[in-house]
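Dumped model_4.pdb below, it's PDB, C-alpha atoms:
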ATOM      1  CA  MET H  23     -76.501  11.119 -50.293
ATOM      2  CA  ARG H  24     -73.065  12.262 -51.519
ATOM      3  CA  PRO H  25     -70.672   9.299 -52.021
ATOM      4  CA  ASP H  26     -67.686   9.500 -49.695
ATOM      5  CA  PRO H  27     -64.358   8.351 -51.209
ATOM      6  CA  VAL H  28     -63.051   7.489 -47.742
ATOM      7  CA  ASP H  29     -65.399   4.495 -47.464
ATOM      8  CA  LEU H  30     -64.330   3.036 -50.817
ATOM      9  CA  THR H  31     -60.658   3.694 -50.028
ATOM     10  CA  ARG H  32     -60.984   1.539 -46.918
ATOM     11  CA  ALA H  33     -62.516  -1.283 -48.948
ATOM     12  CA  LEU H  34     -59.830  -1.130 -51.652
ATOM     13  CA  LEU H  35     -56.963  -1.079 -49.154
ATOM     14  CA  ALA H  36     -58.326  -4.266 -47.605
ATOM     15  CA  ILE H  37     -57.556  -6.126 -50.869
ATOM     16  CA  PRO H  38     -53.821  -6.615 -51.558
ATOM     17  CA  SER H  39     -52.990  -6.066 -55.227
ATOM     18  CA  PRO H  40     -49.251  -6.041 -55.973
ATOM     19  CA  THR H  41     -48.483  -5.883 -59.677
ATOM     20  CA  GLY H  42     -49.312  -9.255 -61.215
ATOM     21  CA  GLN H  43     -51.865 -10.096 -58.544
ATOM     22  CA  GLU H  44     -54.606  -7.561 -59.229
ATOM     23  CA  HIS H  45     -57.482  -9.953 -59.980
ATOM     24  CA  ALA H  46     -59.227  -9.711 -56.592
ATOM     25  CA  VAL H  47     -59.268  -5.905 -56.524
ATOM     26  CA  THR H  48     -60.364  -5.500 -60.151
ATOM     27  CA  ALA H  49     -63.153  -8.041 -59.606
ATOM     28  CA  PHE H  50     -64.288  -6.055 -56.553
ATOM     29  CA  VAL H  51     -64.267  -2.767 -58.496
ATOM     30  CA  ALA H  52     -66.112  -4.285 -61.465
ATOM     31  CA  ASP H  53     -68.817  -5.729 -59.203
ATOM     32  CA  HIS H  54     -69.056  -2.480 -57.228
ATOM     33  CA  LEU H  55     -69.587  -0.375 -60.358
ATOM     34  CA  ALA H  56     -72.058  -2.856 -61.859
ATOM     35  CA  GLY H  57     -74.020  -2.689 -58.610
ATOM     36  CA  LEU H  58     -74.188   1.088 -58.968
ATOM     37  CA  GLY H  59     -75.684   0.712 -62.436
ATOM     38  CA  TRP H  60     -72.654   1.304 -64.641
ATOM     39  CA  GLN H  61     -72.136  -0.663 -67.856
ATOM     40  CA  VAL H  62     -68.939  -2.560 -67.076
ATOM     41  CA  THR H  63     -66.398  -4.177 -69.396
ATOM     42  CA  ARG H  64     -63.695  -6.449 -68.013
ATOM     43  CA  GLN H  65     -60.731  -6.537 -70.393
ATOM     44  CA  LEU H  66     -58.317  -9.454 -70.061
ATOM     45  CA  VAL H  67     -54.720  -8.256 -69.957
ATOM     46  CA  GLY H  68     -53.056 -11.609 -69.304
ATOM     47  CA  ASP H  69     -52.534 -14.203 -66.582
ATOM     48  CA  GLY H  70     -56.048 -13.633 -65.258
ATOM     49  CA  ARG H  71     -55.580  -9.885 -64.824
ATOM     50  CA  GLU H  72     -58.213  -7.473 -66.053
ATOM     51  CA  ASN H  73     -58.741  -3.813 -66.741
ATOM     52  CA  VAL H  74     -62.146  -2.405 -65.766
ATOM     53  CA  PHE H  75     -63.944   0.090 -68.043
ATOM     54  CA  ALA H  76     -67.281   1.559 -67.000
ATOM     55  CA  HIS H  77     -69.619   4.040 -68.671
ATOM     56  CA  CYS H  78     -73.312   4.886 -68.882
ATOM     57  CA  GLY H  79     -73.336   6.401 -72.360
ATOM     58  CA  ASN H  80     -70.727   7.644 -74.807
ATOM     59  CA  PRO H  81     -68.035   9.166 -72.585
ATOM     60  CA  VAL H  82     -66.396  12.456 -73.458
ATOM     61  CA  VAL H  83     -64.212  12.525 -70.329
ATOM     62  CA  VAL H  84     -62.670   9.358 -68.859
ATOM     63  CA  LEU H  85     -61.271   9.230 -65.315
ATOM     64  CA  SER H  86     -58.498   6.642 -65.102
ATOM     65  CA  THR H  87     -55.937   5.297 -62.660
ATOM     66  CA  HIS H  88     -54.256   2.014 -61.745
ATOM     67  CA  LEU H  89     -55.188  -0.565 -59.122
ATOM     68  CA  ASP H  90     -51.843  -2.363 -58.777
ATOM     69  CA  THR H  91     -49.399  -1.431 -56.036
ATOM     70  CA  VAL H  92     -45.725  -1.890 -55.288
ATOM     71  CA  PRO H  93     -44.627  -4.425 -52.660
ATOM     72  CA  PRO H  94     -44.446  -4.926 -49.781
ATOM     73  CA  GLU H  95     -48.036  -4.890 -48.573
ATOM     74  CA  LEU H  96     -48.667  -2.524 -45.644
ATOM     75  CA  PRO H  97     -51.408  -3.001 -43.057
ATOM     76  CA  TYR H  98     -54.338  -0.639 -43.349
ATOM     77  CA  ARG H  99     -54.907   1.738 -40.447
ATOM     78  CA  GLU H 100     -56.423   5.162 -39.948
ATOM     79  CA  ASP H 101     -56.921   7.936 -37.458
ATOM     80  CA  ASP H 102     -59.367  10.825 -37.463
ATOM     81  CA  ASP H 103     -57.584  12.585 -40.339
ATOM     82  CA  VAL H 104     -55.365  10.155 -42.262
ATOM     83  CA  ILE H 105     -55.572   6.733 -43.925
ATOM     84  CA  TYR H 106     -52.405   4.622 -44.055
ATOM     85  CA  GLY H 107     -51.630   1.574 -46.170
ATOM     86  CA  ARG H 108     -50.177   0.375 -49.463
ATOM     87  CA  GLY H 109     -52.059   2.122 -52.214
ATOM     88  CA  ALA H 110     -53.491   4.827 -49.967
ATOM     89  CA  CYS H 111     -52.190   7.534 -52.305
ATOM     90  CA  ASP H 112     -50.833   5.397 -55.171
ATOM     91  CA  ALA H 113     -53.448   4.911 -56.319
ATOM     92  CA  LYS H 114     -56.435   3.256 -54.579
ATOM     93  CA  GLY H 115     -57.473   6.427 -52.779
ATOM     94  CA  ILE H 116     -57.401   8.151 -56.154
ATOM     95  CA  ALA H 117     -59.588   5.412 -57.664
ATOM     96  CA  ALA H 118     -62.093   5.932 -54.851
ATOM     97  CA  ALA H 119     -62.115   9.698 -55.425
ATOM     98  CA  MET H 120     -62.756   9.108 -59.129
ATOM     99  CA  VAL H 121     -65.698   6.798 -58.453
ATOM    100  CA  SER H 122     -67.107   9.354 -56.022
ATOM    101  CA  ALA H 123     -66.738  12.142 -58.612
ATOM    102  CA  ALA H 124     -68.313  10.087 -61.368
ATOM    103  CA  GLU H 125     -71.269   9.230 -59.152
ATOM    104  CA  LEU H 126     -71.752  12.903 -58.257
ATOM    105  CA  LEU H 127     -71.732  13.845 -61.943
ATOM    106  CA  ARG H 128     -74.150  11.052 -62.799
ATOM    107  CA  ALA H 129     -76.489  12.132 -60.002
ATOM    108  CA  ASP H 130     -76.564  15.561 -61.657
ATOM    109  CA  GLY H 131     -77.624  13.952 -64.945
ATOM    110  CA  GLU H 132     -74.175  13.892 -66.591
ATOM    111  CA  SER H 133     -73.740  10.628 -68.509
ATOM    112  CA  ARG H 134     -70.703  11.638 -70.598
ATOM    113  CA  VAL H 135     -68.105  10.493 -68.044
ATOM    114  CA  GLY H 136     -66.406   7.093 -67.990
ATOM    115  CA  LEU H 137     -64.133   5.236 -65.561
ATOM    116  CA  LEU H 138     -61.055   3.216 -66.543
ATOM    117  CA  PHE H 139     -59.055   1.236 -63.984
ATOM    118  CA  VAL H 140     -55.963  -0.569 -65.220
ATOM    119  CA  VAL H 141     -53.365  -3.044 -64.023
ATOM    120  CA  ASP H 142     -49.566  -3.169 -64.326
ATOM    121  CA  GLU H 143     -48.798   0.559 -64.070
ATOM    122  CA  GLU H 144     -45.950  -0.151 -61.673
ATOM    123  CA  ASP H 145     -44.193  -2.580 -64.029
ATOM    124  CA  GLY H 146     -44.481  -1.612 -67.682
ATOM    125  CA  SER H 147     -48.000  -0.208 -68.223
ATOM    126  CA  ALA H 148     -49.322  -3.348 -69.938
ATOM    127  CA  GLY H 149     -52.832  -2.501 -68.717
ATOM    128  CA  ALA H 150     -52.806   1.008 -70.153
ATOM    129  CA  ARG H 151     -51.413  -0.254 -73.466
ATOM    130  CA  ALA H 152     -54.146  -2.897 -73.694
ATOM    131  CA  ALA H 153     -56.814  -0.330 -72.840
ATOM    132  CA  ALA H 154     -56.152   1.409 -76.167
ATOM    133  CA  ALA H 155     -58.352  -1.294 -77.756
ATOM    134  CA  LEU H 156     -61.386  -0.390 -75.628
ATOM    135  CA  ALA H 157     -64.339   1.648 -76.871
ATOM    136  CA  PRO H 158     -66.203   3.943 -76.807
ATOM    137  CA  LYS H 159     -63.538   6.563 -76.235
ATOM    138  CA  GLY H 160     -63.993  10.219 -75.523
ATOM    139  CA  ARG H 161     -61.978  13.363 -76.130
ATOM    140  CA  PHE H 162     -60.252  13.747 -72.754
ATOM    141  CA  LEU H 163     -58.676  11.479 -70.147
ATOM    142  CA  ILE H 164     -57.778  12.485 -66.597
ATOM    143  CA  ASN H 165     -55.057  10.187 -65.272
ATOM    144  CA  GLY H 166     -54.856   9.778 -61.519
ATOM    145  CA  GLU H 167     -51.510   9.949 -59.722
ATOM    146  CA  PRO H 168     -50.610  11.650 -56.433
ATOM    147  CA  THR H 169     -49.977  15.270 -57.490
ATOM    148  CA  ASP H 170     -51.076  17.066 -54.302
ATOM    149  CA  ASN H 171     -54.336  17.830 -56.121
ATOM    150  CA  ARG H 172     -52.499  19.996 -58.658
ATOM    151  CA  LEU H 173     -53.123  19.760 -62.394
ATOM    152  CA  VAL H 174     -50.157  18.267 -64.251
ATOM    153  CA  THR H 175     -49.619  19.226 -67.869
ATOM    154  CA  ALA H 176     -46.210  17.597 -68.435
ATOM    155  CA  GLN H 177     -44.151  14.687 -67.100
ATOM    156  CA  LYS H 178     -40.740  13.240 -67.861
ATOM    157  CA  GLY H 179     -40.109   9.999 -69.750
ATOM    158  CA  THR H 180     -37.757   7.120 -68.988
ATOM    159  CA  LEU H 181     -34.883   5.262 -70.634
ATOM    160  CA  LYS H 182     -33.168   2.301 -68.957
ATOM    161  CA  VAL H 183     -29.527   1.603 -69.753
ATOM    162  CA  ILE H 184     -27.693  -1.629 -68.894
ATOM    163  CA  LEU H 185     -23.894  -1.650 -68.932
ATOM    164  CA  GLU H 186     -21.916  -4.891 -68.877
ATOM    165  CA  ALA H 187     -18.156  -5.321 -68.732
ATOM    166  CA  GLU H 188     -16.083  -8.487 -69.061
ATOM    167  CA  GLY H 189     -12.572  -8.869 -67.685
ATOM    168  CA  ARG H 190     -10.173 -11.637 -66.721
ATOM    169  CA  ALA H 191      -9.984 -13.259 -63.292
ATOM    170  CA  ALA H 192      -6.694 -13.454 -61.436
ATOM    171  CA  HIS H 193      -5.335 -13.619 -57.906
ATOM    172  CA  SER H 194      -5.674 -10.147 -56.373
ATOM    173  CA  GLY H 195      -2.050 -10.360 -55.197
ATOM    174  CA  TYR H 196      -1.020 -10.313 -58.878
ATOM    175  CA  PRO H 197      -3.400  -7.807 -60.486
ATOM    176  CA  GLU H 198      -1.183  -7.502 -63.545
ATOM    177  CA  LEU H 199      -2.279 -11.033 -64.519
ATOM    178  CA  GLY H 200      -5.952 -10.079 -64.662
ATOM    179  CA  ASP H 201      -8.252  -7.447 -66.099
ATOM    180  CA  SER H 202     -10.791  -5.973 -63.694
ATOM    181  CA  ALA H 203     -14.278  -5.655 -65.189
ATOM    182  CA  ILE H 204     -15.262  -3.556 -62.176
ATOM    183  CA  ASP H 205     -12.511  -1.035 -62.899
ATOM    184  CA  ARG H 206     -13.646  -0.849 -66.523
ATOM    185  CA  LEU H 207     -17.241  -0.320 -65.432
ATOM    186  CA  LEU H 208     -16.412   2.340 -62.838
ATOM    187  CA  ASP H 209     -14.332   4.290 -65.354
ATOM    188  CA  ALA H 210     -17.193   4.115 -67.874
ATOM    189  CA  LEU H 211     -19.728   5.273 -65.277
ATOM    190  CA  GLN H 212     -17.538   8.215 -64.319
ATOM    191  CA  ARG H 213     -17.392   9.316 -67.950
ATOM    192  CA  ILE H 214     -21.140   8.806 -68.441
ATOM    193  CA  ARG H 215     -21.961  10.913 -65.385
ATOM    194  CA  ALA H 216     -20.131  13.808 -67.060
ATOM    195  CA  VAL H 217     -22.284  13.639 -70.216
ATOM    196  CA  PRO H 218     -24.351  16.834 -70.582
ATOM    197  CA  LEU H 219     -28.044  15.964 -70.737
ATOM    198  CA  PRO H 220     -30.810  17.908 -72.494
ATOM    199  CA  VAL H 221     -32.820  20.608 -70.721
ATOM    200  CA  ASP H 222     -36.446  21.374 -71.557
ATOM    201  CA  PRO H 223     -37.937  24.830 -70.839
ATOM    202  CA  VAL H 224     -41.008  23.219 -69.232
ATOM    203  CA  LEU H 225     -39.727  19.986 -67.677
ATOM    204  CA  GLY H 226     -36.235  21.165 -66.783
ATOM    205  CA  PRO H 227     -33.152  18.933 -67.069
ATOM    206  CA  SER H 228     -32.943  15.270 -67.885
ATOM    207  CA  THR H 229     -31.457  13.332 -64.965
ATOM    208  CA  LEU H 230     -29.452  10.125 -64.721
ATOM    209  CA  ASN H 231     -29.498   7.699 -61.808
ATOM    210  CA  ILE H 232     -27.130   4.767 -61.291
ATOM    211  CA  GLY H 233     -29.583   2.483 -59.576
ATOM    212  CA  ARG H 234     -27.796  -0.848 -59.366
ATOM    213  CA  ILE H 235     -24.218  -2.145 -59.593
ATOM    214  CA  ALA H 236     -23.096  -5.770 -59.316
ATOM    215  CA  GLY H 237     -19.996  -7.737 -60.197
ATOM    216  CA  GLY H 238     -16.984  -9.693 -59.165
ATOM    217  CA  GLU H 239     -16.616 -12.988 -57.322
ATOM    218  CA  ALA H 240     -14.636 -12.310 -54.146
ATOM    219  CA  PRO H 241     -12.465  -9.579 -52.589
ATOM    220  CA  ASN H 242      -9.308 -11.557 -53.405
ATOM    221  CA  VAL H 243     -10.197 -12.137 -57.074
ATOM    222  CA  ILE H 244      -9.765  -9.651 -59.913
ATOM    223  CA  ALA H 245     -13.333  -9.210 -61.121
ATOM    224  CA  PRO H 246     -14.084 -11.039 -64.389
ATOM    225  CA  HIS H 247     -17.503  -9.414 -64.852
ATOM    226  CA  ALA H 248     -19.528  -6.368 -63.761
ATOM    227  CA  ARG H 249     -22.928  -4.884 -64.539
ATOM    228  CA  ALA H 250     -24.744  -1.625 -63.848
ATOM    229  CA  GLU H 251     -28.311  -0.442 -64.438
ATOM    230  CA  LEU H 252     -29.080   3.229 -65.050
ATOM    231  CA  LEU H 253     -32.301   5.155 -65.523
ATOM    232  CA  VAL H 254     -32.467   8.399 -67.472
ATOM    233  CA  ARG H 255     -35.446  10.696 -66.892
ATOM    234  CA  LEU H 256     -35.982  12.143 -70.357
ATOM    235  CA  VAL H 257     -37.440  15.570 -71.090
ATOM    236  CA  GLY H 258     -37.914  15.197 -74.830
ATOM    237  CA  SER H 259     -37.745  12.931 -77.851
ATOM    238  CA  ASP H 260     -33.986  12.778 -77.676
ATOM    239  CA  GLU H 261     -31.883  10.592 -79.968
ATOM    240  CA  ASP H 262     -28.566  12.191 -79.010
ATOM    241  CA  THR H 263     -28.449  10.963 -75.395
ATOM    242  CA  PRO H 264     -28.010   7.230 -76.192
ATOM    243  CA  ALA H 265     -25.278   8.079 -78.680
ATOM    244  CA  ALA H 266     -23.535  10.299 -76.125
ATOM    245  CA  ILE H 267     -23.724   7.540 -73.491
ATOM    246  CA  CYS H 268     -22.272   5.020 -75.943
ATOM    247  CA  ALA H 269     -19.390   7.342 -76.783
ATOM    248  CA  ALA H 270     -18.677   8.029 -73.120
ATOM    249  CA  ALA H 271     -18.786   4.348 -72.148
ATOM    250  CA  GLY H 272     -15.862   3.630 -74.422
ATOM    251  CA  PRO H 273     -14.522   0.286 -75.700
ATOM    252  CA  GLY H 274     -15.052  -2.948 -73.823
ATOM    253  CA  ILE H 275     -18.479  -1.967 -72.460
ATOM    254  CA  GLN H 276     -21.635  -3.605 -73.813
ATOM    255  CA  LEU H 277     -24.688  -1.338 -73.633
ATOM    256  CA  THR H 278     -28.374  -2.218 -73.862
ATOM    257  CA  PHE H 279     -30.994   0.524 -74.116
ATOM    258  CA  ILE H 280     -34.543  -0.275 -72.989
ATOM    259  CA  PRO H 281     -37.055   2.476 -73.834
ATOM    260  CA  GLY H 282     -39.674   3.056 -71.161
ATOM    261  CA  LEU H 283     -42.284   5.784 -71.370
ATOM    262  CA  PRO H 284     -41.968   8.931 -73.488
ATOM    263  CA  PRO H 285     -42.400  12.397 -71.995
ATOM    264  CA  ALA H 286     -45.982  13.674 -72.038
ATOM    265  CA  HIS H 287     -47.414  17.154 -72.532
ATOM    266  CA  ALA H 288     -50.902  18.679 -72.536
ATOM    267  CA  PRO H 289     -52.150  22.211 -73.196
ATOM    268  CA  SER H 290     -52.845  24.465 -70.242
ATOM    269  CA  ILE H 291     -56.433  25.118 -69.119
ATOM    270  CA  PRO H 292     -57.470  28.701 -68.373
ATOM    271  CA  GLY H 293     -58.155  29.165 -64.677
ATOM    272  CA  TRP H 294     -56.255  26.027 -63.669
ATOM    273  CA  PRO H 295     -52.749  26.547 -62.235
ATOM    274  CA  SER H 296     -50.554  23.731 -63.533
ATOM    275  CA  THR H 297     -47.319  21.987 -62.627
ATOM    276  CA  THR H 298     -44.964  19.340 -63.992
ATOM    277  CA  VAL H 299     -43.695  16.097 -62.462
ATOM    278  CA  ALA H 300     -40.461  14.144 -62.798
ATOM    279  CA  PHE H 301     -42.050  10.696 -62.426
ATOM    280  CA  ALA H 302     -43.488   8.676 -65.317
ATOM    281  CA  SER H 303     -46.952   7.121 -65.429
ATOM    282  CA  ASP H 304     -49.635   5.638 -67.680
ATOM    283  CA  LEU H 305     -50.362   9.184 -68.841
ATOM    284  CA  ALA H 306     -47.700   8.705 -71.519
ATOM    285  CA  VAL H 307     -49.487   5.783 -73.214
ATOM    286  CA  HIS H 308     -53.099   6.954 -72.988
ATOM    287  CA  GLY H 309     -52.914   9.112 -76.105
ATOM    288  CA  SER H 310     -55.607   7.159 -77.964
ATOM    289  CA  TRP H 311     -58.138   8.487 -75.412
ATOM    290  CA  GLY H 312     -57.631  12.090 -76.527
ATOM    291  CA  THR H 313     -56.007  14.962 -74.665
ATOM    292  CA  CYS H 314     -54.645  13.678 -71.360
ATOM    293  CA  TYR H 315     -54.219  15.488 -68.066
ATOM    294  CA  GLN H 316     -53.020  14.278 -64.675
ATOM    295  CA  LEU H 317     -54.419  15.115 -61.249
ATOM    296  CA  GLY H 318     -54.774  13.352 -57.932
ATOM    297  CA  PRO H 319     -54.873  13.704 -54.152
ATOM    298  CA  GLY H 320     -51.882  12.653 -52.094
ATOM    299  CA  SER H 321     -48.139  13.209 -52.349
ATOM    300  CA  VAL H 322     -45.791  11.178 -54.525
ATOM    301  CA  HIS H 323     -43.150  11.703 -51.833
ATOM    302  CA  VAL H 324     -44.872   9.162 -49.562
ATOM    303  CA  ALA H 325     -45.857   6.758 -52.353
ATOM    304  CA  HIS H 326     -43.782   3.545 -52.369
ATOM    305  CA  THR H 327     -42.644   4.224 -48.794
ATOM    306  CA  PRO H 328     -43.325   2.388 -45.501
ATOM    307  CA  ASP H 329     -45.413   5.398 -44.440
ATOM    308  CA  GLU H 330     -47.704   5.650 -47.468
ATOM    309  CA  ARG H 331     -50.783   7.675 -46.514
ATOM    310  CA  ILE H 332     -53.423  10.130 -47.629
ATOM    311  CA  SER H 333     -55.527  12.571 -45.666
ATOM    312  CA  LYS H 334     -59.286  12.224 -45.731
ATOM    313  CA  ALA H 335     -59.606  15.925 -46.497
ATOM    314  CA  GLU H 336     -57.346  15.501 -49.559
ATOM    315  CA  LEU H 337     -59.430  12.569 -50.776
ATOM    316  CA  ARG H 338     -62.639  14.559 -50.590
ATOM    317  CA  GLU H 339     -61.004  17.578 -52.194
ATOM    318  CA  GLY H 340     -59.698  15.304 -54.964
ATOM    319  CA  ALA H 341     -63.223  14.104 -55.715
ATOM    320  CA  ARG H 342     -64.416  17.717 -55.837
ATOM    321  CA  LEU H 343     -61.619  18.677 -58.234
ATOM    322  CA  TYR H 344     -62.340  15.703 -60.512
ATOM    323  CA  VAL H 345     -65.934  16.916 -60.775
ATOM    324  CA  LYS H 346     -64.768  20.463 -61.497
ATOM    325  CA  LEU H 347     -62.168  19.392 -64.089
ATOM    326  CA  ALA H 348     -64.573  17.020 -65.816
ATOM    327  CA  ARG H 349     -67.138  19.803 -66.124
ATOM    328  CA  THR H 350     -64.476  22.178 -67.463
ATOM    329  CA  LEU H 351     -63.478  19.676 -70.145
ATOM    330  CA  LEU H 352     -67.074  18.801 -70.987
ATOM    331  CA  GLU H 353     -67.688  22.477 -71.710
ATOM    332  CA  LYS H 354     -64.879  22.322 -74.295
ATOM    333  CA  ALA H 355     -66.442  19.313 -76.074
TER     334      ALA H 355
END

Give the structure from this file in structure tokens form.
Amino acid sequence: MRPDPVDLTRALLAIPSPTGQEHAVTAFVADHLAGLGWQVTRQLVGDGRENVFAHCGNPVVVLSTHLDTVPPELPYREDDDVIYGRGACDAKGIAAAMVSAAELLRADGESRVGLLFVVDEEDGSAGARAAAALAPKGRFLINGEPTDNRLVTAQKGTLKVILEAEGRAAHSGYPELGDSAIDRLLDALQRIRAVPLPVDPVLGPSTLNIGRIAGGEAPNVIAPHARAELLVRLVGSDEDTPAAICAAAGPGIQLTFIPGLPPAHAPSIPGWPSTTVAFASDLAVHGSWGTCYQLGPGSVHVAHTPDERISKAELREGARLYVKLARTLLEKA
């Protein structure tokens, strides 16, 4: 009997697993795989959270995705064609498709495929970083994210920038007695937005988003402090962008740069049309597992939304494509 990823997707969506609270879902997955006859390793990541690594021999290809989700939790529901709920496409449905694919390969006598399910992808990739210590490793890893079932060979990286400005409070009727930190910050942000950012021939342009601004005390007080948080989507190993942002910010602005994930690239595969994505994922930190590709059913445009969903046909097609891609990579081993 061919395993159906829809059944496992239902079971996974019934277990809430926001980042930091993944224990119940990883325990379920570990027990499920052990019951199917896989050799299962539970790797402690911290605070009771665990990665799950399963194999039946020495894997050459590892299928991997994450089991944590963003809040808030959404109730599971389905109709004849579509499954709705938090994690439907990001990434519990993908995990189910990977298990289904691995079981199909194993039923055909292929023991060189492993499964790796990690925690914390949505908040720093601690699970993927810890997984670098696991063994045995193979030569290829297929990372699961919603890519509309298209093979991804490149994704952008991330750089967080925090800007802080200090001023001097005063009565707003006498602005000359104060020094507005908000004005300083807004002027700096206007200059930063004009900074030319690098362009990559594959990934396209870097982008900058001002995601959060806060400051001041009251409408009738000259603001003594202000803060902004920015995220740059990087397209290369670029050391010039932080320097350019610092220069544009000007005096009186304190900047903190927090590196996130680097951009990731993989070679093309003959016969497989490929694409690139602007989001970042665990793909960027899985390098110790060999050459890494990214593929998954579902659309990133509905991930993290109140209408997160995945079609049952996409799930089943995703499982089929994981089997096909694994076999393609195994032929290269």

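CA of His88 (chain H) sits 8.9 Å away from CA of Asn73 (chain H).
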
Next on the checklist: Using all atoms listed in the file, list the residues that have an atom at most 7 Å from (-52.0, 11.2, -75.3), coordinates as in the file, as a list in words.
Outcome noted: Leu305, Ala306, Val307, His308, Gly309, Ser310, Trp311, Gly312, Thr313 and Cys314 of chain H

Build an axis-aligned box that encloses every atom of region 308-315 of chain H listed in the file, pad it by 3 Å on each side, and report its centre and edge lengths in Å to one decimal, as JSON.
{"center_x": -55.5, "center_y": 11.2, "center_z": -73.0, "size_x": 11.2, "size_y": 14.5, "size_z": 15.9}

Please, which residues in region 236-341 of chain H fall within 8 Å of region 117-139 of chain H when counting all atoms listed in the file, and what is the closest atom pair and distance in Å to one decimal for each, ordered by chain then residue number, as a tab-separated table?
residue	atom	partner	partner_atom	distance
H:Leu337	CA	H:Ala119	CA	6.1
H:Arg338	CA	H:Ala119	CA	6.9
H:Gly340	CA	H:Ala119	CA	6.1
H:Ala341	CA	H:Ala119	CA	4.6

Next on the checklist: Which residues are near Val82 (chain H)? Cut-off 9 Å, all atoms listed in the file, ignore same chain within fewer than 3 positions. Put them as a list in words.
Outcome noted: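 In the requested format, the answer is Arg134, Val135, Gly136, Lys159, Gly160, Arg161, Phe162, Leu163, Leu351, Leu352 and Ala355 of chain H.
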
Checklist entry - Between CA of Glu188 (chain H) and CA of Ala248 (chain H), what is the distance, to one decimal in Å? => result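 A separation of 6.7 Å between them.
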
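Proximity ranking of H:Thr169, H:Thr63, H:Asn242, H:Ser39 relative to Lys114 (chain H) places H:Ser39 first, based on all atoms listed in the file.
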
Checklist entry - Pick the closest to Asn165 (chain H) from H:Glu261, H:Gln65, H:Ala113, H:Val92: which is it, counting only C-alpha atoms? => result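 Once distances to Asn165 (chain H) are computed over only C-alpha atoms, the minimum belongs to H:Ala113.
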
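Residue selection for this entry, given the PyMOL selection byres ((chain H and resi 270) around 9), comprises Ala210, Leu211, Gln212, Arg213, Ile214, Arg215, Ala216, Val217, Ala265, Ala266, Ile267, Cys268, Ala269, Ala271 and Gly272 of chain H.
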
Checklist entry - Distance CA of Pro289 (chain H)-CA of Thr175 (chain H), one decimal place? => result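 Calculated distance between CA of Pro289 (chain H) and CA of Thr175 (chain H) is 6.6 Å.
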
Item to check | Shortest interatomic distance to Leu35 (chain H) - which of H:Ile184, H:Arg249, H:Gly57, H:Arg331, counting all atoms listed in the file | outcome: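 That would be H:Arg331, the residue with the smallest distance to Leu35 (chain H).
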
Item to check | Top pick for closest residue to Lys334 (chain H), considering H:Leu156, H:Val83, H:Leu66, H:Cys111 and counting all atoms listed in the file | outcome: H:Cys111

Would you output region 81-92 of chain H from that structure, restricted to N, CA and C atoms, as an mmCIF file, in the first residue's frame?
data_model
loop_
_atom_site.group_PDB
_atom_site.id
_atom_site.type_symbol
_atom_site.label_atom_id
_atom_site.label_comp_id
_atom_site.auth_asym_id
_atom_site.auth_seq_id
_atom_site.Cartn_x
_atom_site.Cartn_y
_atom_site.Cartn_z
ATOM 1 N N PRO H 81 23.051 6.892 4.869
ATOM 2 C CA PRO H 81 22.323 7.685 3.874
ATOM 3 C C PRO H 81 23.264 8.419 2.925
ATOM 4 N N VAL H 82 22.860 8.478 1.679
ATOM 5 C CA VAL H 82 23.525 9.305 0.680
ATOM 6 C C VAL H 82 22.729 10.583 0.463
ATOM 7 N N VAL H 83 21.404 10.458 0.504
ATOM 8 C CA VAL H 83 20.490 11.596 0.363
ATOM 9 C C VAL H 83 19.673 11.717 1.643
ATOM 10 N N VAL H 84 19.608 12.927 2.202
ATOM 11 C CA VAL H 84 18.812 13.175 3.405
ATOM 12 C C VAL H 84 17.708 14.171 3.067
ATOM 13 N N LEU H 85 16.472 13.810 3.388
ATOM 14 C CA LEU H 85 15.319 14.696 3.244
ATOM 15 C C LEU H 85 15.106 15.402 4.575
ATOM 16 N N SER H 86 15.048 16.723 4.557
ATOM 17 C CA SER H 86 14.984 17.465 5.824
ATOM 18 C C SER H 86 14.022 18.636 5.734
ATOM 19 N N THR H 87 13.306 18.883 6.827
ATOM 20 C CA THR H 87 12.526 20.103 6.976
ATOM 21 C C THR H 87 12.339 20.369 8.464
ATOM 22 N N HIS H 88 11.581 21.414 8.782
ATOM 23 C CA HIS H 88 11.396 21.803 10.182
ATOM 24 C C HIS H 88 9.969 21.502 10.638
ATOM 25 N N LEU H 89 9.836 21.286 11.946
ATOM 26 C CA LEU H 89 8.535 20.951 12.525
ATOM 27 C C LEU H 89 7.958 22.083 13.371
ATOM 28 N N ASP H 90 8.709 23.164 13.577
ATOM 29 C CA ASP H 90 8.154 24.300 14.310
ATOM 30 C C ASP H 90 7.353 25.187 13.369
ATOM 31 N N THR H 91 6.440 25.939 13.941
ATOM 32 C CA THR H 91 5.586 26.840 13.168
ATOM 33 C C THR H 91 5.584 28.224 13.801
ATOM 34 N N VAL H 92 5.108 29.196 13.041
ATOM 35 C CA VAL H 92 4.928 30.536 13.588
ATOM 36 C C VAL H 92 3.584 30.593 14.318
#
